[in-house]
Amino acid sequence: MAIKRTAPLGLVTAGVVALTLGAASLPVRADDTIKVGVLVPLSGNFAPNGQQTLTGIKMYFDEIGNAVAGHKIELIVEDTQGKPDVGVTKARKLVERDGAQVLTGIVSSGVALAVNDYSRENKVPLVLSGDAGADELTMPGPLVNPYLVRTSQNGRSVSAPAADWAYKQGWRKVTVIGSDYAGGVDTIHAFAQSFCQLGGQVIQEQWPPIGTSDFGPYLTNLDRKADGLVTFNPGADGLRLGQQFSEFGLKGKLTVLDIYGTIVYEPNLPQLGDATLGMYSSLFYSPMIKTPENERFVAEFRKRSDGQLPANEGPNGYVGAHAIADAVKAVNGDLKDTMKFIAALKAIKFPSPKGDISLDKYGQVIQSMYIREVEKVDGQLGNVPIATYANVDQFWPFTDTEFAAYKYTYKELKGSLTDCGKLLAKK
Amino acid sequence: MVWVIHVLNGVAIGMLLFLLAAGLSLIYGLMKILNLTHGSFYLVGGYIGLTVMQRTGSFVLALIVAAAAVALIGTVIERYFLRRFHLDELPQTLVTFGFLFIFADLSLWIWGGDPVMLRQPRIFAGSLSMGDYNYPFYRLFLIAVGLVIAGGLWWFQEHTRLGTMLRAGVDDAEIARALGINVSLLFTLVFAAGAALAALGGVLAAPVLSLYPGADFDALILAFVVVIVGGLGSLKGALVGALLVGLLDDFGKAFFPQFALFTVFVPMAFILVVRPTGLFGRR
Amino acid sequence: MTGRVGSFVACVLVLALLLVLPQTMRPYYVGLVTKMLIFALFAMSLDLLLGYAGLASLGHAAFFGVAAYTIALLLLRAGIGGWIALPAALAASTVTGALIAALALRARGSYFLMITFALAQVVWSVAFGWRSFTGGDDGLPGIARPNFGWSLDSTVSFYYFVLAVVGLATLLLAAIVKSPFGRALRGIRESESRMQALGYDVWRYQFVAFVLAAAFAGLAGALYAYFNRFVGTEYLHVIQSAEALIMVILGGAGTLIGPAIGAALIVFLEDYISSLTQHWLLVLGIIYVLVTVLAPRGLVGLVVDYRQRRFEP
């Protein structure tokens with residue numbers, strides 16, 4: 001009965017849809033503009049990270065006048081909403097409908113994994129310049145993708161140097177609080193493994209789930225015998241952990257080493273205030289790095305983001321854009337030979353606000369890691385670099401063969417990080 | 001001593017949950033509306049409180065302005081969007097869901113996506129020393145505030161004319177109307193009051209839990225768990241449910257960390273099997 | 001358009017259009033129409049529950065997601081694909097439907113809504129929290145499409161596969177709603193007490209409707225898993241349930257074709273608007289409110305009202 005009455009409606013709808021889609025099947029006009037597809041989250045939980053990454057990307061291309069080797073560069077931005085299925089849909093749209101020749105950005109690891117598959121299947125160059133730090137993307141293994149390079153970071157390279165620094169400070173026992181997800185386990189595992197190798201040990205591990213609002217139980221449980229507390233809690237969790245850490249009177253009782261700076265993330269510092277003084281963190285960047293390159297970058301970035309200081313996303317986006325531009329120049333603007341373009345990408349080498357940048361043979365970035373301490377500079381709280389590790393690649397402190405020789409991966413070791421024997425067991 | 005801390009924690013979080021759930025439960029109890037916008041009232045209330053705090057530095061003012069502003073928003077929604085669907089549950093639910101999305105997007109637009117924490121009022125800075133451990137004063141304050149509000153609501157329900165009307169309205173709207181009670185005014189008042197409670201919850205929770213995109217959904221889900229456990233339409237149910245969920249959540253995290261996420265849903269599933277209308281629910 | 005002839009001609013025309021589309025469109029748009037078909041099935045399955053049985057559920061995504069995860073997990077964790085995975089996925093979503101129905105049908109109205117919401121969230125939290133098994137919020141990438149004799153890897157071939165599956169499912173659903181079972185459901189939607197008095201075992205009818213709806217939703221979920229070659233927690237999230245609900249309401253509950261049109265529209269709008277602005281959620285919310293206030297019986301309802309006013313003064 002219902003079908004009778006809806007016949008005209010069905011016809012009209014079908015007609016409208018057909019017209020629209022038919023119009024959409026008109027061919028794209030070809031010209032020699034280089035189209036760069038930017039995939040970042042602009043809504044949802046990762047919106048601020050996406051926004052910052054985009055600011056960095058736009059900043060670099062604006063600096064070079066949006067042109068390389070005589071070709072115009074056009075940025076087409078799509079919002080992934082932090083969701084993998086949307087990410088793949090938008091990737092498809094960028095490549096198939098808009099004619100993008102290279103994709104960049106990507107903040108969420110989930111989106112990165114999904115778009116990585118798309119890039120490999122469709123032979124589309126992907127320059128990962130956002131936060132997505134899943135190690136497996138650039139290590140030998142099933143996810144390996146010849147069309148991928150990553151200029152941002154990977155989980156373990158931010159963490160392992162911190163273990164070295166902690167040991168040098170005299171720390172021998174640490175307690176850890178890490179967000180319970182793949183990235184969290186991977187990051188903390190890297191710390192634990194390096195720390196064990198040097199002679200230290202993790203004596204307690206706690207894994208609050210992502211989105212934990214109340215860290216009370218974890219903080220109350222902390223083993224006070226530790227020389228320090230190692231943390232990794234991205235997003236709002238870091239803010240809450242930092243706040244509750246001092247609320248529960250632990251400031252001064254336990255030193256904090258915050259991997260990746262999740263607590264002392266620049267937007268958090270003004271909110272947490274003096275409670276963060278003296279907290280240490282490890283990251284591939286700090287807005288307080290004193291090079292002319294960085295000071296120029298910070299000044300311009302603040303202009304574009306209402307005075308906000310760049311944290312990790314801005315410089316990452318910027319460096320990724322720089323890599324794309326250099327590679328485009330190397331192939332003279334002709335991206336039709338994809339493998340040649342990829343080779344040009346892998347060969348990039350330049351100084352940047354983060355420090356010196358180059359890529360290893362897997363397409364993963366080699367950069368510097370900084371240990372920073374929160375200090376008051378000109379009345380403002382800032383993460384001041386106090387130690388630098390140069391040429392840190394994704395396997396640091398091991399070579400790729402040494403790293404592959406370990407028996408257990410981080411996936412099998414959650415819950416066993418206190419067992420140095422297992423962490424260092426070889427195949 | 002650790003046990004005391006865990007119990008205090010559970011109760012403090014429970015009080016926050018109570019503020020959330022009480023409004024939801026009251027609104028349902030009287031109007032039979034499942035107010036999905038409740039999560040937004042929490043978040044937007046919190047954000048408004050944050051803005052007031054940033055401009056004036058007064059926590060009390062933040063509480064008052066947030067509650068009043070959200071009560072106003074609630075009144076508008078009830079009068080112009082919900083009233084036309086009187087007793088028609090699905091459209092009411094859909095409209096409140098639509099507003100949940102609208103407010104979620106607007107708050108991201110206005111306040112941005114970085115998680116923010118309200119600065120705790122200075123009087124509550126610091127913590128109570130209990131031997132090896134410390135317990136934040138602010139959380140003790142939360143427990144106190146929760147008890148005061150719960151007490152106030154209970155007194156209001158039992159000992160005032162309006163409260164009696166509320167209970168009459170709950171039991172039978174038609175008879176209440178026949179008795180001359182201005183049911184539509186009552187509905188608006190209750191909806192606004194429920195919204196205000198959620199907003200208060202948002203401001204009070206912000207220094208502990210922070211405000212971030214998605215906090216509206218998180219709050220809504222937790223409020224649902226509490227009213228499923230405690231029973232819709234019952235103040236006592238909201239309080240008992242909230243305390244139960246708060247304590248189970250805290251102890252769960254501390255002693256069964258691998259199941260941290262599920263400790264909140266276990267009591268809910270249990271109640272659904274054993275007593276689907278909740279501990280103190282009716283109908 | 002005159003009655004049955006008109007509707008038959010319309011159906012043939014629409015089918016012809018759908019068959020011919022991929023030959024003229026760019027692959028991206030073929031993909032979009034594929035997505036529309038998948039969500040049309042999802043919406044129609046919810047319509048069985050909402051429009052015919054009168055049960056408003058806020059947790060329909062649970063069945064959608066469970067089927068999708070079953071496909072993914074069987075393939076990635078046990079190497080099982082193709083012929084076995086699809087039925088297994090349907091079985092999984094059907095069983096989940098039965099479990100949730102058993103718990104939720106002890107309540108009515110708002111309680112029912114809330115319980116379906118909460119239980120779906122429990123399923124979501126398992127997927128989200130059991131990281132080692134389900135991949136957590138990273139999801140499960142790398143799902144290969146099944147090979148039932150010829151490859152479904154190309155966008156166009158997969159489109160025809162989905163068209164065939166959704167077409168058959170639609171015929172099945174239409175048959176169900178026209179059958180005595182379907183009529184009984186509508187009677188229950190009008191008045192449970194009356195049907196109970198007439199001797200119908202209301203609970204049993206609602207239970208079966210729920211389980212059937214779950215099965216069809218699971219079919220849609222499995223198709224979506226193959227479409228994206230990826231499964232994630234968004235498949236199970238309340239927003240997915242909410243989108244299904246608005247598809248049904250926008251199109252018109254209780255008509256089957258209404259929700260299909262609603263689905264196509266929402267999929268189209270989301271694709272179009274999310275490229276223009278990041279405020280899709282705001283637009284979706286506004287659609288919710290506008291539809292509920294202005295057109296509670298959906299687009300189909302509007303057309304029906306219009307024709308009634310024109311032809312029956």
# chains A, B, ... in the order shown; residues from 1 in each chain; ligands from 1
$ interface_residues --of "chain C" --to "chain B" --cutoff "6 Å" --atoms "only C-alpha atoms" --output "PyMOL selection string"
chain C and resi 281-282+285+288-289+292
$ write_last_selection --atoms "C-alpha atoms" --output "PDB file, in the first residue's frame"
ATOM      1  CA  LEU C 281      26.979  17.254  13.687  1.00  0.00           C
ATOM      2  CA  LEU C 282      25.221  20.601  13.975  1.00  0.00           C
ATOM      3  CA  GLY C 285      21.021  17.851  15.021  1.00  0.00           C
ATOM      4  CA  TYR C 288      16.556  15.920  13.851  1.00  0.00           C
ATOM      5  CA  VAL C 289      14.702  18.807  15.371  1.00  0.00           C
ATOM      6  CA  THR C 292      10.467  15.864  14.373  1.00  0.00           C
TER       7      THR C 292
END
$ closest_atom_pairs --of "chain C" --to "chain A" --cutoff "7 Å" --atoms "only C-alpha atoms" --output "tab-separated table"
residue	atom	partner	partner_atom	distance
C:Gly3	CA	A:Lys4	CA	5.6
C:Arg4	CA	A:Lys4	CA	6.2
C:Gly6	CA	A:Ala7	CA	6.7
C:Ser7	CA	A:Ala7	CA	4.9
C:Ala10	CA	A:Ala7	CA	5.8
C:Val14	CA	A:Ala14	CA	6.5
C:Thr24	CA	A:Ser25	CA	6.6
C:Met25	CA	A:Ser25	CA	4.7
C:Arg26	CA	A:Ser25	CA	5.3
C:Tyr28	CA	A:Glu96	CA	5.9
C:Tyr29	CA	A:Leu21	CA	6.9
C:Arg131	CA	A:Tyr181	CA	6.6
C:Asp137	CA	A:Gly110	CA	6.7
C:Asp138	CA	A:Gly110	CA	3.9
C:Gly139	CA	A:Gly110	CA	6.3
C:Pro141	CA	A:Ala114	CA	5.6
C:Gly142	CA	A:Asp117	CA	6.7
C:Asn228	CA	A:Asp85	CA	6.5
C:Phe230	CA	A:Ala114	CA	6.8
C:Thr255	CA	A:Ala2	CA	5.8
C:Ser275	CA	A:Glu78	CA	6.2
C:Gln278	CA	A:Ser43	CA	5.9
C:Val300	CA	A:Thr6	CA	6.5
C:Val304	CA	A:Arg5	CA	6.5
$ write_last_selection --atoms "N, CA and C atoms" --output "mmCIF file, in the first residue's frame"
data_model
loop_
_atom_site.group_PDB
_atom_site.id
_atom_site.type_symbol
_atom_site.label_atom_id
_atom_site.label_comp_id
_atom_site.auth_asym_id
_atom_site.auth_seq_id
_atom_site.Cartn_x
_atom_site.Cartn_y
_atom_site.Cartn_z
ATOM 1 N N GLY C 3 -2.085 3.842 -9.468
ATOM 2 C CA GLY C 3 -1.946 2.634 -8.663
ATOM 3 C C GLY C 3 -0.817 1.688 -8.974
ATOM 4 N N ARG C 4 -1.191 0.458 -9.130
ATOM 5 C CA ARG C 4 -0.192 -0.603 -9.181
ATOM 6 C C ARG C 4 0.703 -0.482 -10.406
ATOM 7 N N GLY C 6 1.566 2.209 -11.947
ATOM 8 C CA GLY C 6 2.504 3.307 -11.711
ATOM 9 C C GLY C 6 3.643 2.877 -10.810
ATOM 10 N N SER C 7 3.301 2.198 -9.711
ATOM 11 C CA SER C 7 4.361 1.836 -8.775
ATOM 12 C C SER C 7 5.280 0.798 -9.400
ATOM 13 N N ALA C 10 7.590 2.590 -11.715
ATOM 14 C CA ALA C 10 8.576 3.347 -10.931
ATOM 15 C C ALA C 10 9.678 2.428 -10.435
ATOM 16 N N VAL C 14 13.650 2.714 -11.301
ATOM 17 C CA VAL C 14 14.672 2.880 -10.272
ATOM 18 C C VAL C 14 15.707 1.776 -10.393
ATOM 19 N N THR C 24 28.470 5.110 -15.817
ATOM 20 C CA THR C 24 28.694 6.522 -16.168
ATOM 21 C C THR C 24 29.382 7.326 -15.077
ATOM 22 N N MET C 25 29.444 6.779 -13.889
ATOM 23 C CA MET C 25 29.933 7.578 -12.770
ATOM 24 C C MET C 25 31.375 7.285 -12.415
ATOM 25 N N ARG C 26 32.022 8.252 -11.801
ATOM 26 C CA ARG C 26 33.383 8.029 -11.313
ATOM 27 C C ARG C 26 33.317 7.080 -10.108
ATOM 28 N N TYR C 28 34.425 7.047 -7.232
ATOM 29 C CA TYR C 28 34.114 7.583 -5.915
ATOM 30 C C TYR C 28 32.620 7.614 -5.698
ATOM 31 N N TYR C 29 31.864 8.007 -6.739
ATOM 32 C CA TYR C 29 30.415 8.105 -6.588
ATOM 33 C C TYR C 29 29.732 6.759 -6.613
ATOM 34 N N ARG C 131 41.231 -4.424 23.845
ATOM 35 C CA ARG C 131 42.161 -3.977 22.826
ATOM 36 C C ARG C 131 42.871 -5.113 22.109
ATOM 37 N N ASP C 137 40.237 1.208 19.916
ATOM 38 C CA ASP C 137 39.745 2.270 19.044
ATOM 39 C C ASP C 137 40.585 2.427 17.787
ATOM 40 N N ASP C 138 41.603 1.595 17.616
ATOM 41 C CA ASP C 138 42.307 1.567 16.335
ATOM 42 C C ASP C 138 41.535 0.761 15.320
ATOM 43 N N GLY C 139 40.714 -0.144 15.808
ATOM 44 C CA GLY C 139 39.911 -0.946 14.901
ATOM 45 C C GLY C 139 40.710 -2.055 14.239
ATOM 46 N N PRO C 141 41.939 -3.117 10.607
ATOM 47 C CA PRO C 141 42.056 -2.872 9.174
ATOM 48 C C PRO C 141 42.457 -4.129 8.409
ATOM 49 N N GLY C 142 42.451 -4.056 7.122
ATOM 50 C CA GLY C 142 42.987 -5.145 6.309
ATOM 51 C C GLY C 142 42.008 -6.271 6.041
ATOM 52 N N ASN C 228 34.341 -0.999 3.530
ATOM 53 C CA ASN C 228 35.447 -0.197 4.028
ATOM 54 C C ASN C 228 36.746 -0.957 4.108
ATOM 55 N N PHE C 230 37.498 -2.399 6.612
ATOM 56 C CA PHE C 230 37.963 -1.980 7.922
ATOM 57 C C PHE C 230 36.780 -1.985 8.887
ATOM 58 N N THR C 255 7.108 2.457 6.458
ATOM 59 C CA THR C 255 6.843 2.392 5.019
ATOM 60 C C THR C 255 7.887 1.600 4.249
ATOM 61 N N SER C 275 32.335 17.900 3.512
ATOM 62 C CA SER C 275 33.416 18.475 2.713
ATOM 63 C C SER C 275 33.396 19.987 2.770
ATOM 64 N N GLN C 278 33.152 21.576 8.966
ATOM 65 C CA GLN C 278 33.296 20.518 9.955
ATOM 66 C C GLN C 278 32.103 20.466 10.893
ATOM 67 N N VAL C 300 7.834 10.589 3.330
ATOM 68 C CA VAL C 300 6.719 9.814 2.787
ATOM 69 C C VAL C 300 5.418 10.341 3.366
ATOM 70 N N VAL C 304 2.204 11.739 1.332
ATOM 71 C CA VAL C 304 0.877 11.166 1.554
ATOM 72 C C VAL C 304 -0.107 12.263 1.945
#
$ interface_residues --of "chain A" --to "chain B" --cutoff "8 Å" --atoms "only C-alpha atoms" --output "list in words"
Ser43, Gly44, Asn45, Phe46, Ala47, Pro48, Gln206, Trp207, Pro208, Pro209, Ser213, Asp214, Gly216, Pro217, Tyr218, Thr220, Asn221, Gly235, Ala236, Leu239, Arg240, Gln243, Gln244, Glu247, Phe248, Gly249, Pro267, Asn268 and Gln271 of chain A
$ residues_around --residues "range 110-124 of chain C" --least-positions-apart "4" --cutoff "6 Å" --atoms "only C-alpha atoms" --output "PyMOL selection string"
chain C and resi 57-59+62+104+236
$ residues_around --residues "range 208-224 of chain C" --least-positions-apart "6" --cutoff "7 Å" --atoms "only C-alpha atoms" --output "list in words"
Ile38, Phe39, Leu41, Phe42, Ser45, Leu46, Leu48, Leu49, Ala53, Phe63, Phe64, Gly65, Ala67, Ala68, Ile71, Leu86, Ala89, Leu90, Ser93, Thr94, Gly97, Ala98 and Ala101 of chain C
$ write_last_selection --atoms "C-alpha atoms" --output "PDB file, in the first residue's frame"
ATOM      1  CA  ILE C  38      24.041  -0.540   2.650  1.00  0.00           C
ATOM      2  CA  PHE C  39      22.531   2.083   4.916  1.00  0.00           C
ATOM      3  CA  LEU C  41      19.205  -1.865   4.404  1.00  0.00           C
ATOM      4  CA  PHE C  42      20.279  -0.799   7.884  1.00  0.00           C
ATOM      5  CA  SER C  45      15.853  -3.150   9.399  1.00  0.00           C
ATOM      6  CA  LEU C  46      15.266  -0.527  12.065  1.00  0.00           C
ATOM      7  CA  LEU C  48      10.798  -3.205  11.004  1.00  0.00           C
ATOM      8  CA  LEU C  49      11.332  -2.566  14.677  1.00  0.00           C
ATOM      9  CA  ALA C  53       6.527  -3.287  15.794  1.00  0.00           C
ATOM     10  CA  PHE C  63      23.854  -5.638  15.653  1.00  0.00           C
ATOM     11  CA  PHE C  64      25.385  -3.729  12.775  1.00  0.00           C
ATOM     12  CA  GLY C  65      28.711  -3.653  14.577  1.00  0.00           C
ATOM     13  CA  ALA C  67      28.261  -8.637  12.472  1.00  0.00           C
ATOM     14  CA  ALA C  68      31.028  -6.412  11.137  1.00  0.00           C
ATOM     15  CA  ILE C  71      33.611 -10.825   9.815  1.00  0.00           C
ATOM     16  CA  LEU C  86      28.915 -14.137   6.273  1.00  0.00           C
ATOM     17  CA  ALA C  89      28.227 -12.757  11.145  1.00  0.00           C
ATOM     18  CA  LEU C  90      24.471 -12.985  10.672  1.00  0.00           C
ATOM     19  CA  SER C  93      24.062 -10.373  15.256  1.00  0.00           C
ATOM     20  CA  THR C  94      20.925 -12.495  15.549  1.00  0.00           C
ATOM     21  CA  GLY C  97      19.578  -9.398  19.123  1.00  0.00           C
ATOM     22  CA  ALA C  98      17.977 -12.223  21.025  1.00  0.00           C
ATOM     23  CA  ALA C 101      15.628  -8.355  23.298  1.00  0.00           C
TER      24      ALA C 101
END
$ residues_around --residues "Glu313 in chain A" --least-positions-apart "5" --cutoff "8 Å" --atoms "only C-alpha atoms" --output "list of chain:residue names"
A:Asn49, A:Gly50, A:Gln52, A:Thr53, A:Gly56, A:Gly130, A:Asp131
$ atom_distance --atom1 "CA of Ala242 in chain B" --atom2 "CA of Met15 in chain B"
6.8 Å
